[in-house]
file entry_16.txt (compact mmCIF, C-alpha atoms)
# COMPACT_ATOMS: atom_id res chain seq x y z
CA MET A 25 -5.21 5.82 -21.63
CA GLU A 26 -7.70 8.07 -23.39
CA LEU A 27 -11.33 7.13 -22.74
CA ASP A 28 -13.93 8.21 -25.33
CA LEU A 29 -17.35 7.99 -23.70
CA GLY A 30 -19.06 9.04 -26.93
CA HIS A 31 -18.39 5.60 -28.42
CA MET A 32 -19.44 3.47 -25.44
CA GLY A 33 -22.44 1.16 -25.48
CA GLU A 34 -24.79 0.43 -22.58
CA ARG A 35 -22.12 -1.76 -21.02
CA SER A 36 -18.46 -1.86 -22.01
CA SER A 37 -15.34 -3.38 -20.55
CA PHE A 38 -11.69 -3.28 -21.50
CA SER A 39 -8.21 -3.70 -20.03
CA PHE A 40 -4.89 -2.01 -20.55
CA ASP A 41 -1.32 -2.13 -19.25
CA GLU A 42 0.75 0.91 -18.44
CA ASN A 43 4.21 1.67 -17.01
CA PHE A 44 5.23 4.66 -14.93
CA GLU A 45 7.82 5.55 -12.33
CA ILE A 46 6.81 5.37 -8.67
CA GLU A 47 8.72 6.73 -5.72
CA PRO A 48 7.92 4.44 -2.77
CA VAL A 49 7.84 6.11 0.65
CA GLY A 50 11.48 6.54 1.64
CA GLY A 51 12.74 4.87 -1.53
CA GLU A 52 14.27 5.66 -4.89
CA PRO A 53 12.12 6.08 -8.04
CA THR A 54 11.49 2.69 -9.62
CA PRO A 55 9.51 1.39 -12.62
CA CYS A 56 5.95 0.31 -11.82
CA ARG A 57 3.79 -1.89 -14.06
CA VAL A 58 0.03 -1.61 -13.78
CA ARG A 59 -2.81 -3.67 -15.20
CA VAL A 60 -6.17 -1.88 -15.29
CA ASP A 61 -9.52 -3.61 -15.83
CA VAL A 62 -12.36 -1.18 -16.56
CA GLU A 63 -16.13 -1.64 -16.69
CA ILE A 64 -18.41 1.16 -17.85
CA THR A 65 -22.18 1.10 -17.46
CA LYS A 66 -24.34 3.74 -19.13
CA THR A 67 -27.66 4.69 -17.56
CA GLY A 68 -29.36 7.57 -19.33
CA ALA A 69 -26.94 10.52 -19.34
CA ARG A 70 -24.76 8.94 -16.62
CA TYR A 71 -21.72 6.70 -17.07
CA LEU A 72 -20.39 4.68 -14.12
CA LEU A 73 -16.75 3.69 -14.52
CA GLU A 74 -15.36 1.01 -12.19
CA ALA A 75 -11.63 0.34 -12.43
CA LYS A 76 -9.53 -2.37 -10.76
CA VAL A 77 -5.81 -1.62 -10.66
CA ALA A 78 -3.05 -4.18 -10.03
CA SER A 79 0.46 -2.75 -9.76
CA ILE A 80 3.84 -4.33 -9.18
CA PHE A 81 7.26 -2.77 -8.53
CA ARG A 82 10.52 -3.45 -6.68
CA THR A 83 11.32 -1.71 -3.39
CA GLY A 84 13.26 -2.25 -0.16
CA CYS A 85 11.85 -3.84 2.99
CA GLY A 86 11.52 -1.48 5.96
CA ARG A 87 12.84 -4.12 8.40
CA CYS A 88 15.51 -6.20 6.65
CA LEU A 89 16.35 -3.75 3.82
CA GLU A 90 16.23 -6.53 1.20
CA THR A 91 14.75 -5.67 -2.20
CA PHE A 92 11.48 -7.45 -2.99
CA GLU A 93 8.62 -7.28 -5.47
CA CYS A 94 5.69 -5.32 -4.01
CA ARG A 95 2.13 -5.63 -5.25
CA ILE A 96 -0.62 -3.07 -4.67
CA ASP A 97 -4.17 -3.98 -5.69
CA THR A 98 -6.59 -1.07 -5.60
CA GLY A 99 -9.35 0.53 -7.61
CA PHE A 100 -11.54 3.56 -8.10
CA ASP A 101 -14.96 4.59 -9.38
CA ILE A 102 -15.89 7.66 -11.41
CA VAL A 103 -19.35 8.89 -12.36
CA PHE A 104 -19.59 10.93 -15.56
CA GLN A 105 -22.80 12.97 -15.66
CA GLY A 106 -23.95 14.34 -18.99
CA GLY A 107 -26.60 17.02 -19.48
CA GLU A 108 -27.43 19.47 -16.71
CA LYS A 109 -25.67 19.52 -13.36
CA VAL A 110 -27.21 17.54 -10.55
CA GLN A 111 -26.44 17.48 -6.85
CA ILE A 112 -23.65 15.11 -5.85
CA PRO A 113 -25.12 12.23 -3.79
CA ASP A 114 -24.26 11.97 -0.09
CA GLY A 115 -21.13 9.91 0.52
CA ALA A 116 -19.73 10.59 -2.97
CA GLU A 117 -16.48 12.52 -3.36
CA GLU A 118 -16.62 15.59 -5.57
CA ASP A 119 -13.53 14.42 -7.48
CA ASP A 120 -15.29 11.15 -8.33
CA PHE A 121 -18.23 12.94 -9.97
CA ILE A 122 -17.43 14.61 -13.32
CA PHE A 123 -19.96 16.75 -15.13
CA LEU A 124 -19.93 16.71 -18.92
CA GLY A 125 -21.55 19.85 -20.28
CA SER A 126 -23.49 19.76 -23.52
CA GLY A 127 -21.33 20.14 -26.59
CA GLU A 128 -18.18 18.97 -24.75
CA GLU A 129 -16.15 16.09 -26.01
CA TYR A 130 -16.68 13.04 -23.88
CA CYS A 131 -12.97 12.18 -23.69
CA PHE A 132 -11.16 11.55 -20.44
CA ASP A 133 -7.57 10.52 -19.65
CA LEU A 134 -7.66 7.67 -17.11
CA PHE A 135 -3.93 7.48 -16.46
CA PRO A 136 -3.74 10.27 -13.79
CA ARG A 137 -6.49 8.49 -11.80
CA VAL A 138 -4.68 5.14 -12.11
CA ARG A 139 -1.42 6.65 -10.89
CA GLU A 140 -3.19 8.45 -8.04
CA ALA A 141 -4.92 5.25 -6.92
CA VAL A 142 -1.58 3.40 -6.67
CA LEU A 143 0.17 6.29 -4.88
CA LEU A 144 -2.65 6.73 -2.34
CA ASP A 145 -2.72 3.02 -1.54
CA GLN A 146 0.97 2.77 -0.63
CA PRO A 147 1.66 1.50 2.88
CA ILE A 148 3.54 3.70 5.33
CA ARG A 149 6.30 1.09 5.48
CA TYR A 150 6.95 -1.70 3.00
CA LEU A 151 7.57 -5.18 4.41
CA CYS A 152 8.78 -8.18 2.42
CA SER A 153 6.52 -10.32 4.66
CA GLU A 154 4.47 -9.80 7.81
CA ASP A 155 6.80 -12.07 9.79
CA CYS A 156 10.03 -10.37 8.61
CA ARG A 157 12.48 -10.44 11.53
CA GLY A 158 14.54 -7.49 10.26
CA ILE A 159 18.19 -6.87 10.99
CA CYS A 160 19.99 -7.07 14.34
CA PRO A 161 20.77 -3.58 15.67
CA GLY A 162 24.01 -4.90 17.19
CA CYS A 163 25.72 -6.91 14.46
CA GLY A 164 23.60 -5.93 11.43
CA GLU A 165 22.82 -9.54 10.51
CA ASN A 166 19.65 -10.18 8.47
CA LEU A 167 17.70 -12.29 10.98
CA ASN A 168 15.62 -13.88 8.19
CA VAL A 169 18.77 -15.49 6.79
CA ASN A 170 21.18 -16.02 9.73
CA GLU A 171 21.13 -16.07 13.52
CA CYS A 172 22.40 -13.05 15.41
CA ARG A 173 26.10 -13.12 16.35
CA CYS A 174 25.58 -10.74 19.28
CA ALA A 175 24.17 -13.36 21.69
CA LYS A 176 27.34 -15.43 21.41
CA GLU A 177 29.61 -12.44 22.07
CA GLY A 178 28.20 -11.85 25.56
CA ARG A 179 25.93 -9.29 27.15
CA ASP A 180 26.41 -5.55 27.16
CA PRO A 181 28.05 -4.67 30.53
CA ARG A 182 26.03 -1.44 30.73
CA TRP A 183 22.95 -3.53 31.54
CA GLY A 184 24.70 -5.43 34.36
CA ALA A 185 23.22 -3.35 37.20
CA LEU A 186 19.71 -3.93 35.91
CA LYS A 187 20.39 -7.66 35.61
CA ASP A 188 21.55 -7.72 39.27
CA VAL A 189 18.26 -6.07 40.37
CA PHE A 190 16.26 -8.55 38.32
CA ASP A 191 18.21 -11.54 39.70
CA ALA A 192 17.78 -10.31 43.31
CA ARG A 193 14.07 -9.82 42.83
CA GLN A 194 13.69 -13.27 41.29
CA ALA A 195 15.66 -14.87 44.16
CA GLY A 196 13.42 -13.07 46.71
CA SER A 197 10.24 -14.39 45.10
CA GLU A 198 11.64 -17.93 45.13
CA GLU A 199 12.38 -17.69 48.87
CA SER A 200 8.84 -16.48 49.63
CA ARG A 201 7.37 -19.40 47.67
CA GLU A 202 9.51 -21.90 49.64
CA ARG A 203 8.32 -20.40 52.96
CA GLU A 204 4.68 -20.71 51.88
CA GLU A 205 5.09 -24.39 51.14
call {"tool": "encode", "arguments": {"input": "entry_16.txt", "output": "structure tokens"}}
result
Amino acid sequence: MELDLGHMGERSSFSFDENFEIEPVGGEPTPCRVRVDVEITKTGARYLLEAKVASIFRTGCGRCLETFECRIDTGFDIVFQGGEKVQIPDGAEEDDFIFLGSGEEYCFDLFPRVREAVLLDQPIRYLCSEDCRGICPGCGENLNVNECRCAKEGRDPRWGALKDVFDARQAGSEESREREE
């Protein structure tokens, strides 16, 4: 999306849709649709651009491995400063402050910033829902859909010695409670 600041009024707003390929963390490249809502306010030689970005794409859950539709809502601000250079205000990122020298065209491609905003807002691990139960490490069953088959097959004999210690300890605490009564 090419932005031409030279033809903006005191206050302008517009929206656009764009598609690009995203590679989710640990996933395969997949199509991503974005909707961008932009507001630009001009104050003297300064333009403040505020963008809200809503993206949606399909990816796999990090717990149950099922494919689901993921939504990332994010945004960014950019200040375009015309005329002579001024000091960047405290708390502002240098990348979010763009100086437009005199005689330069006031055109700017927004798409790289939109893509960057979506990529930087990706979670470390995608989850289809916060309460996703994942898959059973024993039988591989998706615990969101079916119950685990492992519990019915019996316990792992390698943990038997630990179970004996636990049972003995529990029996000892029961005996001490009976003596106290």
call {"tool": "closest_residue", "arguments": {"input": "entry_16.txt", "among": "A:Asp97, A:Glu26, A:Glu34, A:Glu74", "to": "A:Asp145", "atoms": "only C-alpha atoms"}}
result
A:Asp97
call {"tool": "closest_residue", "arguments": {"input": "entry_16.txt", "among": "A:Ile122, A:Cys94, A:Leu143, A:Leu186", "to": "A:Gly106", "atoms": "all atoms listed in the file"}}
result
A:Ile122
call {"tool": "residues_around", "arguments": {"input": "entry_16.txt", "residues": "A:Gly164", "least_positions_apart": "5", "cutoff": "10 Å", "atoms": "only C-alpha atoms", "output": "PyMOL selection string"}}
result
chain A and resi 88+158-159+172-174
call {"tool": "atom_distance", "arguments": {"input": "entry_16.txt", "atom1": "atom CA of A:Gln146", "atom2": "atom CA of A:Arg95"}}
result
9.7 Å
call {"tool": "atom_distance", "arguments": {"input": "entry_16.txt", "atom1": "atom CA of A:Asn168", "atom2": "atom CA of A:Ile80"}}
result
23.1 Å
call {"tool": "atom_distance", "arguments": {"input": "entry_16.txt", "atom1": "atom CA of A:Ser39", "atom2": "atom CA of A:Pro147"}}
result
25.5 Å
call {"tool": "closest_residue", "arguments": {"input": "entry_16.txt", "among": "A:Asn170, A:Ser153, A:Thr65, A:Gln194", "to": "A:Phe92", "atoms": "only C-alpha atoms"}}
result
A:Ser153
call {"tool": "closest_residue", "arguments": {"input": "entry_16.txt", "among": "A:Asp133, A:Glu154, A:Asp101, A:Asp191", "to": "A:Tyr71", "atoms": "all atoms listed in the file"}}
result
A:Asp101
call {"tool": "closest_residue", "arguments": {"input": "entry_16.txt", "among": "A:Thr91, A:Thr67, A:Asn166, A:Ser79", "to": "A:Asn43", "atoms": "all atoms listed in the file"}}
result
A:Ser79
call {"tool": "closest_residue", "arguments": {"input": "entry_16.txt", "among": "A:Ile64, A:Ile46, A:Cys156, A:Val138", "to": "A:Ala78", "atoms": "all atoms listed in the file"}}
result
A:Val138
call {"tool": "residues_around", "arguments": {"input": "entry_16.txt", "residues": "A:Ala75", "least_positions_apart": "2", "cutoff": "7 Å", "atoms": "only C-alpha atoms", "output": "ChimeraX atom specification"}}
result
/A:60-63,73,77,99-101
call {"tool": "write_last_selection", "arguments": {"input": "entry_16.txt", "atoms": "C-alpha atoms", "output": "short mmCIF file (atom, residue, chain, number, x, y, z; two decimals), in the frame of the given file"}}
result
data_model
loop_
_atom_site.label_atom_id
_atom_site.label_comp_id
_atom_site.auth_asym_id
_atom_site.auth_seq_id
_atom_site.Cartn_x
_atom_site.Cartn_y
_atom_site.Cartn_z
CA VAL A 60 -6.17 -1.88 -15.29
CA ASP A 61 -9.52 -3.61 -15.83
CA VAL A 62 -12.36 -1.18 -16.56
CA GLU A 63 -16.13 -1.64 -16.69
CA LEU A 73 -16.75 3.69 -14.52
CA VAL A 77 -5.81 -1.62 -10.66
CA GLY A 99 -9.35 0.53 -7.61
CA PHE A 100 -11.54 3.56 -8.10
CA ASP A 101 -14.96 4.59 -9.38
#
call {"tool": "residues_around", "arguments": {"input": "entry_16.txt", "residues": "A:Leu151", "least_positions_apart": "6", "cutoff": "8 Å", "atoms": "all atoms listed in the file", "output": "PDB file with C-alpha atoms, keeping the file's coordinate frame"}}
result
ATOM      1  CA  GLY A  84      13.260  -2.250  -0.160  1.00  0.00           C
ATOM      2  CA  CYS A  85      11.850  -3.840   2.990  1.00  0.00           C
ATOM      3  CA  GLY A  86      11.520  -1.480   5.960  1.00  0.00           C
ATOM      4  CA  ARG A  87      12.840  -4.120   8.400  1.00  0.00           C
TER       5      ARG A  87
END
